[in-house]
file coords.txt (compact mmCIF, C-alpha atoms)
# COMPACT_ATOMS: atom_id res chain seq x y z
CA MET A 1 -29.49 40.13 -10.36
CA ALA A 2 -30.93 37.91 -13.03
CA LYS A 3 -28.62 36.87 -15.84
CA GLN A 4 -29.31 38.15 -19.29
CA PRO A 5 -29.75 35.15 -21.61
CA ASN A 6 -27.64 36.50 -24.42
CA GLU A 7 -25.17 38.45 -22.35
CA PRO A 8 -21.82 37.66 -23.99
CA GLN A 9 -19.75 38.76 -21.00
CA ALA A 10 -21.24 36.22 -18.54
CA GLU A 11 -18.70 33.81 -17.15
CA ILE A 12 -18.70 30.19 -18.20
CA ASN A 13 -17.97 27.75 -15.43
CA LEU A 14 -17.17 24.07 -15.41
CA GLU A 15 -20.69 23.04 -14.46
CA ASP A 16 -22.03 24.81 -17.55
CA LEU A 17 -19.67 22.91 -19.78
CA LEU A 18 -20.40 19.57 -18.17
CA ARG A 19 -24.10 20.21 -18.47
CA LEU A 20 -23.62 20.23 -22.23
CA LYS A 21 -22.86 16.55 -21.99
CA ARG A 22 -26.49 15.95 -21.11
CA SER A 23 -27.41 16.90 -24.63
CA GLU A 24 -25.47 14.04 -26.18
CA ARG A 25 -28.48 11.80 -26.53
CA PRO A 26 -29.15 9.02 -29.02
CA SER A 27 -31.93 9.31 -31.56
CA ASP A 28 -35.29 7.50 -31.43
CA GLU A 29 -34.07 5.03 -34.07
CA PHE A 30 -31.26 4.07 -31.81
CA TRP A 31 -33.69 3.26 -29.03
CA SER A 32 -35.93 1.16 -31.23
CA ASP A 33 -32.90 -0.92 -32.29
CA PHE A 34 -31.78 -1.06 -28.69
CA ASP A 35 -35.14 -2.38 -27.50
CA ARG A 36 -35.28 -5.01 -30.22
CA GLU A 37 -31.77 -6.29 -29.46
CA LEU A 38 -32.38 -6.24 -25.73
CA HIS A 39 -35.58 -8.26 -26.06
CA GLN A 40 -33.77 -10.83 -28.19
CA ARG A 41 -30.99 -11.14 -25.65
CA MET A 42 -33.45 -11.41 -22.78
CA LEU A 43 -35.33 -14.16 -24.60
CA GLN A 44 -32.06 -15.98 -25.15
CA THR A 45 -31.31 -15.81 -21.43
CA LEU A 46 -34.78 -17.16 -20.68
CA VAL A 47 -34.54 -20.01 -23.18
CA LYS A 48 -30.87 -20.81 -22.80
CA LYS A 49 -30.14 -23.69 -20.49
CA ASP A 50 -26.88 -24.27 -18.72
CA PRO A 51 -24.59 -26.93 -20.17
CA TRP A 52 -25.09 -30.43 -18.73
CA TYR A 53 -21.83 -30.36 -16.79
CA LEU A 54 -22.86 -27.16 -15.03
CA GLN A 55 -26.20 -28.72 -14.10
CA VAL A 56 -24.42 -31.82 -12.76
CA LEU A 57 -21.95 -29.66 -10.85
CA ARG A 58 -24.77 -27.64 -9.38
CA GLY A 59 -26.60 -30.79 -8.34
CA LEU A 60 -23.49 -32.29 -6.88
CA SER A 61 -22.50 -29.18 -5.05
CA GLY A 62 -26.01 -28.99 -3.58
CA ARG A 63 -25.88 -32.59 -2.43
CA MET A 64 -22.33 -32.21 -1.21
CA ALA A 65 -23.26 -29.15 0.77
CA GLN A 66 -26.25 -31.03 2.17
CA SER A 67 -24.21 -34.08 3.13
CA ALA A 68 -21.42 -31.90 4.53
CA GLY A 69 -23.98 -30.16 6.71
CA ILE A 70 -25.40 -33.47 7.91
CA ALA A 71 -21.91 -34.79 8.59
CA ALA A 72 -21.01 -31.68 10.55
CA ALA A 73 -24.21 -31.99 12.60
CA ALA A 74 -23.52 -35.67 13.24
CA ALA A 75 -19.98 -34.90 14.31
CA LEU A 76 -21.25 -32.24 16.70
CA VAL A 77 -23.79 -34.63 18.20
CA ALA A 78 -21.12 -37.28 18.51
CA MET A 79 -18.85 -34.82 20.28
CA LEU A 80 -21.60 -33.89 22.72
CA VAL A 81 -22.85 -37.45 23.41
CA VAL A 82 -19.79 -39.63 23.15
CA ARG A 83 -17.20 -37.36 24.72
CA PRO A 84 -18.72 -37.40 28.24
CA VAL A 85 -18.67 -41.23 28.12
CA PHE A 86 -15.00 -41.13 27.27
CA ILE A 87 -14.35 -38.64 30.03
CA GLY A 88 -16.09 -40.98 32.54
CA THR A 89 -14.35 -44.18 31.41
CA ALA A 90 -10.98 -42.91 30.41
CA PRO A 91 -9.20 -43.22 33.87
CA ALA A 92 -10.51 -46.79 34.42
CA GLY A 93 -9.44 -47.78 30.99
CA VAL A 94 -6.05 -46.25 31.50
CA SER A 95 -5.54 -48.08 34.82
CA VAL A 96 -6.63 -51.39 33.31
CA ALA A 97 -4.30 -50.86 30.44
CA GLU A 98 -1.51 -49.94 32.81
CA ASN A 99 -2.13 -53.03 34.94
CA ALA A 100 -2.22 -55.24 31.88
CA ALA A 101 0.98 -53.69 30.63
CA VAL A 102 2.72 -54.17 33.99
CA GLU A 103 1.53 -57.74 34.20
CA SER A 104 2.63 -58.54 30.68
CA VAL A 105 6.03 -56.97 31.33
CA ALA A 106 6.43 -59.04 34.53
CA ALA A 107 5.41 -62.19 32.72
CA ARG A 108 7.87 -61.45 29.95
CA VAL A 109 10.62 -60.81 32.47
CA GLU A 110 9.84 -64.12 34.13
CA VAL A 111 9.84 -65.92 30.79
CA ALA A 112 13.05 -64.25 29.81
CA MET A 113 14.67 -65.18 33.09
CA SER A 114 13.54 -68.79 32.77
CA GLU A 115 14.76 -68.87 29.16
CA LEU A 116 18.06 -67.41 30.25
CA SER A 117 18.52 -69.99 32.97
CA TYR A 118 17.45 -72.76 30.57
CA SER A 119 19.84 -71.57 27.89
CA GLU A 120 22.61 -71.30 30.47
CA ALA A 121 21.88 -74.81 31.59
CA THR A 122 21.73 -76.16 28.05
CA SER A 123 24.81 -74.29 26.93
CA SER A 124 26.86 -75.62 29.86
CA ALA A 125 25.55 -79.11 29.14
CA SER A 126 26.31 -78.85 25.45
CA ALA A 127 29.75 -77.52 26.21
CA ARG A 128 30.21 -80.42 28.41
CA ASP A 129 28.63 -83.08 26.21
CA TYR A 130 28.85 -81.93 22.61
CA GLY A 131 31.36 -80.24 20.42
CA ILE A 132 30.31 -78.89 17.05
CA ASP A 133 32.90 -78.68 14.41
CA VAL A 134 32.38 -77.17 10.99
CA ILE A 135 34.65 -78.62 8.40
CA SER A 136 34.71 -77.10 4.97
CA ALA A 137 36.74 -78.17 1.99
CA GLY A 138 39.04 -75.15 2.27
CA GLU A 139 39.46 -75.57 5.96
CA THR A 140 40.23 -79.22 5.48
CA SER A 141 43.10 -78.47 3.19
CA ARG A 142 44.25 -75.53 5.33
CA ASP A 143 43.98 -77.43 8.61
CA ALA A 144 45.51 -80.57 7.29
CA GLY A 145 48.16 -80.42 10.02
CA PHE A 146 45.49 -80.11 12.70
CA LYS A 147 43.75 -83.17 11.39
CA ARG A 148 46.92 -85.00 11.16
CA ASP A 149 47.75 -84.19 14.78
CA PHE A 150 44.41 -85.27 16.12
CA GLU A 151 43.71 -88.03 13.70
CA MET A 152 45.05 -90.66 15.98
CA GLU A 153 42.77 -89.50 18.86
CA SER A 154 39.68 -89.97 16.80
CA ILE A 155 40.86 -93.30 15.72
CA GLN A 156 41.70 -94.11 19.26
CA LEU A 157 38.26 -93.00 20.33
CA ALA A 158 36.82 -95.33 17.76
CA SER A 159 39.19 -98.01 18.74
CA TYR A 160 37.30 -98.40 22.00
CA ASP A 161 34.58 -100.05 20.00
CA THR A 162 34.91 -102.94 17.62
CA VAL A 163 37.52 -103.07 14.87
CA ALA A 164 34.93 -103.00 12.14
CA TYR A 165 33.45 -99.78 13.54
CA SER A 166 36.86 -98.16 13.65
CA THR A 167 37.54 -98.85 10.01
CA ASP A 168 34.12 -97.60 9.03
CA SER A 169 34.63 -94.51 11.12
CA ALA A 170 37.98 -93.84 9.54
CA GLN A 171 36.53 -94.19 6.04
CA SER A 172 33.55 -92.01 6.82
CA ARG A 173 35.73 -89.27 8.31
CA ALA A 174 37.89 -89.29 5.25
CA SER A 175 34.84 -88.94 2.99
CA PHE A 176 33.36 -86.15 5.20
CA ALA A 177 36.64 -84.32 5.15
CA THR A 178 36.71 -84.19 1.37
CA SER A 179 33.06 -83.36 0.94
CA GLY A 180 33.10 -80.60 3.58
CA VAL A 181 29.98 -81.64 5.40
CA ALA A 182 29.64 -80.88 9.04
CA SER A 183 30.44 -83.80 11.27
CA LEU A 184 30.00 -84.29 14.91
CA VAL A 185 33.10 -85.28 16.80
CA PHE A 186 32.47 -87.12 20.06
CA MET B 1 -45.67 8.53 -16.74
CA LEU B 2 -45.18 10.51 -13.57
CA PRO B 3 -42.93 13.56 -13.67
CA CYS B 4 -39.67 12.98 -11.86
CA ASN B 5 -36.84 15.21 -10.81
CA SER B 6 -33.26 14.31 -11.54
CA HIS B 7 -32.84 12.82 -8.06
CA GLY B 8 -35.25 10.02 -8.63
CA ASN B 9 -38.30 11.34 -6.81
CA CYS B 10 -41.57 11.37 -8.66
CA PHE B 11 -44.65 13.22 -7.65
CA SER B 12 -48.18 12.14 -8.19
CA TRP B 13 -49.48 15.46 -9.34
CA GLY B 14 -53.09 14.49 -9.27
CA ILE B 15 -53.55 16.14 -12.56
CA LEU B 16 -57.18 16.12 -13.35
CA MET B 17 -57.57 16.13 -17.02
CA ALA B 18 -61.17 16.74 -17.81
CA THR B 19 -61.74 16.17 -21.46
CA THR B 20 -64.80 17.78 -22.79
CA GLY B 21 -64.98 17.25 -26.49
CA SER B 22 -61.75 18.64 -27.93
CA VAL B 23 -61.04 20.87 -24.92
CA THR B 24 -58.71 19.59 -22.30
CA LYS B 25 -58.50 21.46 -19.02
CA THR B 26 -55.57 20.93 -16.76
CA PHE B 27 -56.06 21.85 -13.16
CA ALA B 28 -53.31 22.90 -10.82
CA PRO B 29 -51.63 20.01 -9.08
CA ALA B 30 -53.04 19.22 -5.69
CA LYS B 31 -50.59 19.05 -2.83
CA GLU B 32 -50.13 15.37 -2.10
CA ALA B 33 -47.52 13.35 -0.34
CA PRO B 34 -44.79 12.49 -2.82
CA VAL B 35 -44.97 8.96 -4.04
CA SER B 36 -41.60 7.41 -3.45
CA GLU B 37 -39.87 6.39 -6.62
CA ARG B 38 -38.47 3.52 -4.68
CA ASP B 39 -41.94 2.20 -3.88
CA LEU B 40 -43.04 2.47 -7.48
CA ASP B 41 -40.01 0.55 -8.69
CA TRP B 42 -40.40 -2.02 -5.95
CA ALA B 43 -43.97 -2.69 -7.04
CA VAL B 44 -42.78 -3.35 -10.59
CA VAL B 45 -39.92 -5.51 -9.35
CA GLN B 46 -42.38 -7.61 -7.36
CA LYS B 47 -44.46 -8.09 -10.49
CA VAL B 48 -41.41 -9.37 -12.35
CA GLN B 49 -40.50 -11.61 -9.44
CA ALA B 50 -44.03 -13.02 -9.50
CA GLY B 51 -43.49 -14.08 -13.11
CA ASN B 52 -44.69 -11.07 -15.07
CA VAL B 53 -41.58 -10.82 -17.23
CA GLY B 54 -43.10 -8.11 -19.38
CA ALA B 55 -43.20 -5.74 -16.41
CA PHE B 56 -39.41 -5.56 -16.59
CA ASP B 57 -39.83 -3.54 -19.75
CA GLN B 58 -41.25 -0.69 -17.67
CA LEU B 59 -37.99 -0.52 -15.76
CA VAL B 60 -35.98 -0.66 -18.97
CA GLN B 61 -37.97 2.21 -20.50
CA LYS B 62 -37.58 4.25 -17.37
CA TYR B 63 -33.85 3.87 -16.81
CA ARG B 64 -32.32 3.05 -20.18
CA GLU B 65 -31.42 6.64 -21.06
CA HIS B 66 -29.86 7.36 -17.69
CA ILE B 67 -27.87 4.16 -17.75
CA PHE B 68 -26.79 4.74 -21.32
CA SER B 69 -25.73 8.29 -20.50
CA VAL B 70 -23.57 7.20 -17.58
CA ILE B 71 -21.92 4.44 -19.58
CA TYR B 72 -21.48 6.59 -22.66
CA ASN B 73 -19.75 9.32 -20.68
CA MET B 74 -17.60 6.71 -18.96
CA THR B 75 -16.50 5.08 -22.23
CA SER B 76 -16.85 7.87 -24.80
CA ASN B 77 -18.04 5.25 -27.26
CA ARG B 78 -21.69 4.93 -28.27
CA GLU B 79 -21.48 1.31 -29.49
CA ASP B 80 -19.76 0.14 -26.32
CA ALA B 81 -22.28 2.12 -24.31
CA SER B 82 -25.15 0.44 -26.12
CA ASP B 83 -23.74 -3.05 -25.52
CA LEU B 84 -22.96 -2.33 -21.89
CA THR B 85 -26.39 -0.85 -21.26
CA GLN B 86 -27.99 -4.00 -22.64
CA GLU B 87 -25.64 -6.10 -20.55
CA THR B 88 -26.60 -4.12 -17.48
CA PHE B 89 -30.30 -4.80 -18.00
CA ILE B 90 -29.71 -8.47 -18.73
CA LYS B 91 -27.68 -8.82 -15.54
CA ALA B 92 -30.41 -7.06 -13.61
CA PHE B 93 -33.05 -9.30 -15.21
CA GLN B 94 -31.11 -12.44 -14.32
CA ALA B 95 -30.58 -11.30 -10.75
CA ILE B 96 -33.93 -9.69 -10.07
CA ALA B 97 -35.22 -12.77 -8.24
CA ARG B 98 -32.55 -12.12 -5.62
CA PHE B 99 -33.33 -8.40 -5.32
CA GLN B 100 -34.89 -7.94 -1.90
CA GLY B 101 -35.60 -4.23 -2.01
CA LYS B 102 -33.10 -3.34 0.71
CA SER B 103 -31.81 -0.60 -1.56
CA SER B 104 -33.77 1.16 -4.25
CA PHE B 105 -33.90 -0.38 -7.71
CA PHE B 106 -32.45 2.83 -9.06
CA THR B 107 -29.34 2.48 -6.86
CA TRP B 108 -29.09 -1.21 -7.67
CA ILE B 109 -29.24 -0.81 -11.45
CA TYR B 110 -26.79 2.09 -11.38
CA ARG B 111 -24.40 -0.06 -9.36
CA ILE B 112 -24.67 -2.88 -11.87
CA ALA B 113 -24.01 -0.40 -14.67
CA ILE B 114 -20.97 1.10 -12.95
CA ASN B 115 -19.50 -2.29 -12.10
CA THR B 116 -20.08 -3.62 -15.61
CA THR B 117 -18.44 -0.53 -17.09
CA MET B 118 -15.49 -0.68 -14.70
CA THR B 119 -14.85 -4.30 -15.65
CA PHE B 120 -15.08 -3.36 -19.32
CA LEU B 121 -12.69 -0.42 -18.91
CA LYS B 122 -10.11 -2.61 -17.20
CA LYS B 123 -10.20 -5.01 -20.14
CA ARG B 124 -10.16 -2.18 -22.66
CA SER B 125 -7.25 -0.36 -21.05
CA ARG B 126 -4.99 -0.77 -24.09
CA ARG B 127 -7.24 0.25 -26.93
CA ARG B 128 -9.63 3.15 -26.97
CA TYR B 129 -12.03 4.04 -29.74
CA ILE B 130 -14.03 7.21 -29.57
CA SER B 131 -17.43 7.58 -31.15
CA TYR B 132 -19.62 10.41 -30.08
CA GLU B 133 -23.29 11.03 -30.00
CA ASN B 134 -24.42 14.16 -31.77
CA ILE B 135 -25.05 17.12 -29.59
CA ASN B 136 -28.66 18.13 -29.70
CA GLU B 137 -29.24 21.00 -32.10
CA GLU B 138 -31.30 22.87 -29.56
CA VAL B 139 -28.37 22.88 -27.21
CA SER B 140 -25.94 24.01 -29.87
CA ASN B 141 -28.17 27.02 -30.32
CA SER B 142 -28.29 27.62 -26.60
CA GLU B 143 -27.01 30.56 -24.65
CA ILE B 144 -23.80 28.92 -23.57
CA PHE B 145 -22.71 28.31 -27.13
CA GLU B 146 -23.54 31.90 -27.99
CA ARG B 147 -21.23 33.03 -25.23
CA LEU B 148 -18.51 30.56 -26.20
CA THR B 149 -18.67 31.61 -29.83
CA ALA B 150 -18.43 35.24 -28.84
CA LYS B 151 -15.56 34.55 -26.50
CA ASN B 152 -13.50 32.39 -28.85
CA ARG B 153 -14.55 34.21 -32.01
CA THR B 154 -14.93 30.99 -33.93
CA GLU B 155 -17.63 29.50 -36.09
CA LYS B 156 -20.32 27.80 -34.03
CA GLY B 157 -20.30 24.43 -35.82
CA ALA B 158 -16.56 24.06 -35.39
CA LEU B 159 -16.78 25.15 -31.79
CA VAL B 160 -19.45 22.57 -30.95
CA GLN B 161 -17.33 19.77 -32.35
CA GLU B 162 -14.16 21.07 -30.74
CA LEU B 163 -15.76 21.48 -27.35
CA GLN B 164 -17.33 18.03 -27.49
CA GLU B 165 -13.96 16.44 -28.20
CA LYS B 166 -12.27 18.48 -25.52
CA LEU B 167 -14.90 17.59 -22.92
CA ASN B 168 -14.70 13.89 -23.70
CA ASP B 169 -10.90 13.91 -23.73
CA SER B 170 -10.85 15.68 -20.39
CA LEU B 171 -13.22 13.15 -18.84
CA GLN B 172 -11.15 10.27 -20.20
CA LYS B 173 -8.03 11.73 -18.59
CA LEU B 174 -9.61 11.26 -15.17
CA SER B 175 -9.33 7.95 -13.38
CA PRO B 176 -12.49 5.80 -13.67
CA LYS B 177 -13.36 6.43 -10.02
CA HIS B 178 -13.10 10.21 -10.36
CA ARG B 179 -14.88 10.10 -13.70
CA THR B 180 -17.76 8.15 -12.18
CA VAL B 181 -18.32 10.70 -9.45
CA VAL B 182 -18.21 13.66 -11.83
CA ILE B 183 -20.58 12.02 -14.28
CA LEU B 184 -23.07 10.97 -11.62
CA HIS B 185 -23.05 14.36 -9.91
CA GLU B 186 -22.53 16.93 -12.65
CA ILE B 187 -24.18 15.22 -15.59
CA GLU B 188 -26.74 12.90 -14.02
CA GLY B 189 -27.46 15.27 -11.14
CA LEU B 190 -27.33 12.72 -8.33
CA GLU B 191 -26.79 13.71 -4.71
CA HIS B 192 -23.60 12.90 -2.85
CA ALA B 193 -25.40 10.37 -0.65
CA GLU B 194 -26.85 8.59 -3.68
CA ILE B 195 -23.43 8.39 -5.32
CA ALA B 196 -21.97 7.09 -2.07
CA GLU B 197 -24.59 4.34 -2.01
CA ILE B 198 -24.01 3.41 -5.64
CA THR B 199 -20.24 3.36 -5.38
CA LYS B 200 -20.30 1.87 -1.85
CA THR B 201 -18.13 4.61 -0.45
CA SER B 202 -18.63 7.33 2.14
CA VAL B 203 -20.08 10.73 1.36
CA GLY B 204 -16.74 12.23 2.36
CA THR B 205 -14.95 10.13 -0.23
CA VAL B 206 -17.46 11.21 -2.87
CA ARG B 207 -16.92 14.88 -2.01
CA SER B 208 -13.18 14.50 -2.00
CA ARG B 209 -13.17 12.72 -5.37
CA LEU B 210 -15.50 15.29 -6.83
CA HIS B 211 -13.34 18.17 -5.64
CA TYR B 212 -10.20 16.63 -7.07
CA ALA B 213 -11.86 15.70 -10.37
CA LYS B 214 -13.25 19.20 -10.86
CA GLN B 215 -9.85 20.72 -10.20
CA GLN B 216 -8.39 18.48 -12.86
CA LEU B 217 -11.15 19.28 -15.34
CA GLN B 218 -10.76 22.99 -14.75
CA SER B 219 -7.13 22.79 -15.67
CA TYR B 220 -7.91 20.79 -18.82
CA LEU B 221 -10.73 23.08 -19.91
CA GLN B 222 -9.15 26.35 -18.93
CA ASP B 223 -9.44 27.80 -22.45
CA TYR B 224 -13.22 27.67 -22.34
CA LEU B 225 -13.76 28.89 -18.81
CA GLY B 226 -14.08 32.37 -17.42

call {"tool": "encode", "arguments": {"input": "coords.txt", "output": "structure tokens"}}
result
Amino acid sequence: MAKQPNEPQAEINLEDLLRLKRSERPSDEFWSDFDRELHQRMLQTLVKKDPWYLQVLRGLSGRMAQSAGIAAAAALVAMLVVRPVFIGTAPAGVSVAENAAVESVAARVEVAMSELSYSEATSSASARDYGIDVISAGETSRDAGFKRDFEMESIQLASYDTVAYSTDSAQSRASFATSGVASLVF
Amino acid sequence: MLPCNSHGNCFSWGILMATTGSVTKTFAPAKEAPVSERDLDWAVVQKVQAGNVGAFDQLVQKYREHIFSVIYNMTSNREDASDLTQETFIKAFQAIARFQGKSSFFTWIYRIAINTTMTFLKKRSRRRYISYENINEEVSNSEIFERLTAKNRTEKGALVQELQEKLNDSLQKLSPKHRTVVILHEIEGLEHAEIAEITKTSVGTVRSRLHYAKQQLQSYLQDYLG
């Protein structure tokens, strides 16, 4: 049954109410202002240039992206070309390195052994031939008794030579003892 | 301009207007294949992309009222709606070189409008100013207002203003997502599938949101219904 246009009893539903919103329309004046403002803003966007730093950034980012792409491609090529070479040569290289390492270790062991024997030989010889005595000023005063005890031996040792040498030796020992300089005792 | 329905399809009527002196005869429209609105817009877009900047004005003239209506009902503020509508067209103008025609221009521009408005609403969440457009006088004299006046036994002028405020308040109580769906479907008359494409959701989601939003609105507007 068709609805009567002016029937007051007809039900009002939500869609009817929402449809009223369609009638909230701006006037023609509004649209003329709107068009004018929009054209101005569009012209501004056409004319307006980006700030210099944005242009530089854009240029840089473009170049960076380009160079990054080239670098990635180069790395890929390098992986494909160079890696098989490494795979082929790696065992030989490792064995050579191992051999060299073994040889160097053996040589070092030999050197060490020879040094050890030499040092043993020299140390036994020095123990036999030389005695190193460090005499400091403090020690001299502290070990005065020691010097006194062995003073005669050193003089006796010098007494094997000439008399003049013995006196010189005695004087020099006395001066060394006070100054604290190392002296070799034969 | 070709006549279009609310769903964005225009028909080339093939109206033959034979003007003989002051007499204009209009023949009945011939049955022709409907010219896709999408194709028409795409042709204009291609003109703009080719450098004919002035052609963009055709798109502005065609869609400005729809876009304004959506944004106005989303914001309930005519000045904000005006600014956001302009912003929508400027964004579209700036991005039109990248528009490839995968979706229709109509969907694309609506999506820009919705996204621009959503961003604005998030920023505006604290303050809210209301400024309404006037309801068309023809509508205020329409049948529905006659019925409402009779039902509420109030003066028509007061009722129009009251109902307008109540409708806008009710819409603003909805979440922006629910509001969008109601506005696009009930006020703009878009199909569920079109809304789904604009909002990038499924048709099911659109239906569900619409159902919930209408339930809410019915409870808010209970005094005027029935």

call {"tool": "interface_residues", "arguments": {"input": "coords.txt", "of": "chain B", "to": "chain A", "cutoff": "9 Å", "atoms": "only C-alpha atoms", "output": "PyMOL selection string"}}
result
chain B and resi 57+60-61+64-65+68-69+73+78+82-83+86-87+89-90+93-94+132-140+143-144+146-151+163-164+167-168+182-183+186-188+214+217-218+221+224-226

call {"tool": "axis_aligned_box", "arguments": {"input": "coords.txt", "around": "segment 60-76 of chain B", "padding_each_side": "4 Å", "output": "JSON"}}
result
{"center_x": -27.2, "center_y": 4.3, "center_z": -20.8, "size_x": 29.5, "size_y": 18.0, "size_z": 16.0}

call {"tool": "residues_around", "arguments": {"input": "coords.txt", "residues": "Phe106 of chain B", "least_positions_apart": "4", "cutoff": "9 Å", "atoms": "only C-alpha atoms", "output": "list in words"}}
result
Gly8, Glu37, Arg38, Asp41, Tyr63, Tyr110 and Arg111 of chain B

call {"tool": "atom_distance", "arguments": {"input": "coords.txt", "atom1": "atom CA of Trp42 of chain B", "atom2": "atom CA of Thr88 of chain B"}}
result
18.1 Å

call {"tool": "atom_distance", "arguments": {"input": "coords.txt", "atom1": "atom CA of Ile109 of chain B", "atom2": "atom CA of Glu79 of chain B"}}
result
19.8 Å

call {"tool": "atom_distance", "arguments": {"input": "coords.txt", "atom1": "atom CA of Ser103 of chain B", "atom2": "atom CA of Leu84 of chain B"}}
result
22.2 Å

call {"tool": "decode", "arguments": {"input": "coords.txt", "residues": "segment 19-84 of chain A", "atoms": "C-alpha atoms", "output": "short mmCIF file (atom, residue, chain, number, x, y, z; two decimals), in the first residue's frame"}}
result
data_model
loop_
_atom_site.label_atom_id
_atom_site.label_comp_id
_atom_site.auth_asym_id
_atom_site.auth_seq_id
_atom_site.Cartn_x
_atom_site.Cartn_y
_atom_site.Cartn_z
CA ARG A 19 18.34 11.26 5.36
CA LEU A 20 17.60 14.73 6.69
CA LYS A 21 21.32 15.20 7.05
CA ARG A 22 21.59 15.25 3.28
CA SER A 23 19.82 18.56 3.28
CA GLU A 24 22.53 20.31 5.27
CA ARG A 25 24.21 21.78 2.23
CA PRO A 26 26.29 24.93 1.92
CA SER A 27 25.10 27.85 -0.17
CA ASP A 28 26.42 28.84 -3.61
CA GLU A 29 28.43 31.67 -2.04
CA PHE A 30 30.22 29.17 0.08
CA TRP A 31 31.25 27.21 -2.99
CA SER A 32 32.52 30.26 -4.83
CA ASP A 33 34.72 31.12 -1.83
CA PHE A 34 35.76 27.51 -1.59
CA ASP A 35 36.83 27.38 -5.24
CA ARG A 36 38.80 30.60 -4.97
CA GLU A 37 40.67 29.46 -1.86
CA LEU A 38 41.32 26.02 -3.30
CA HIS A 39 42.77 27.47 -6.50
CA GLN A 40 45.05 29.73 -4.48
CA ARG A 41 46.26 26.82 -2.40
CA MET A 42 46.79 24.65 -5.46
CA LEU A 43 48.81 27.41 -7.11
CA GLN A 44 50.91 27.68 -3.97
CA THR A 45 51.63 23.96 -4.09
CA LEU A 46 52.61 24.27 -7.74
CA VAL A 47 54.89 27.26 -7.18
CA LYS A 48 56.24 26.34 -3.79
CA LYS A 49 59.62 24.66 -3.85
CA ASP A 50 60.99 22.44 -1.15
CA PRO A 51 63.58 23.98 1.17
CA TRP A 52 67.19 23.53 0.04
CA TYR A 53 67.98 21.00 2.77
CA LEU A 54 65.10 18.79 1.64
CA GLN A 55 66.35 18.96 -1.94
CA VAL A 56 69.87 18.04 -0.80
CA LEU A 57 68.53 15.22 1.34
CA ARG A 58 66.48 13.92 -1.55
CA GLY A 59 69.50 14.04 -3.85
CA LEU A 60 71.69 12.36 -1.29
CA SER A 61 69.19 9.70 -0.49
CA GLY A 62 68.83 8.98 -4.20
CA ARG A 63 72.58 8.70 -4.66
CA MET A 64 72.95 6.73 -1.47
CA ALA A 65 70.27 4.32 -2.56
CA GLN A 66 71.97 4.03 -5.94
CA SER A 67 75.41 3.43 -4.45
CA ALA A 68 73.97 1.01 -1.89
CA GLY A 69 72.38 -0.94 -4.71
CA ILE A 70 75.65 -1.02 -6.65
CA ALA A 71 77.55 -2.07 -3.54
CA ALA A 72 75.06 -4.85 -2.85
CA ALA A 73 75.35 -6.07 -6.45
CA ALA A 74 79.14 -5.96 -6.25
CA ALA A 75 79.11 -7.88 -3.00
CA LEU A 76 76.85 -10.52 -4.55
CA VAL A 77 79.14 -10.87 -7.57
CA ALA A 78 82.14 -11.09 -5.28
CA MET A 79 80.43 -13.81 -3.27
CA LEU A 80 79.66 -15.78 -6.41
CA VAL A 81 83.08 -15.35 -8.10
CA VAL A 82 85.56 -15.22 -5.26
CA ARG A 83 84.04 -17.77 -2.92
CA PRO A 84 84.61 -20.80 -5.20
#
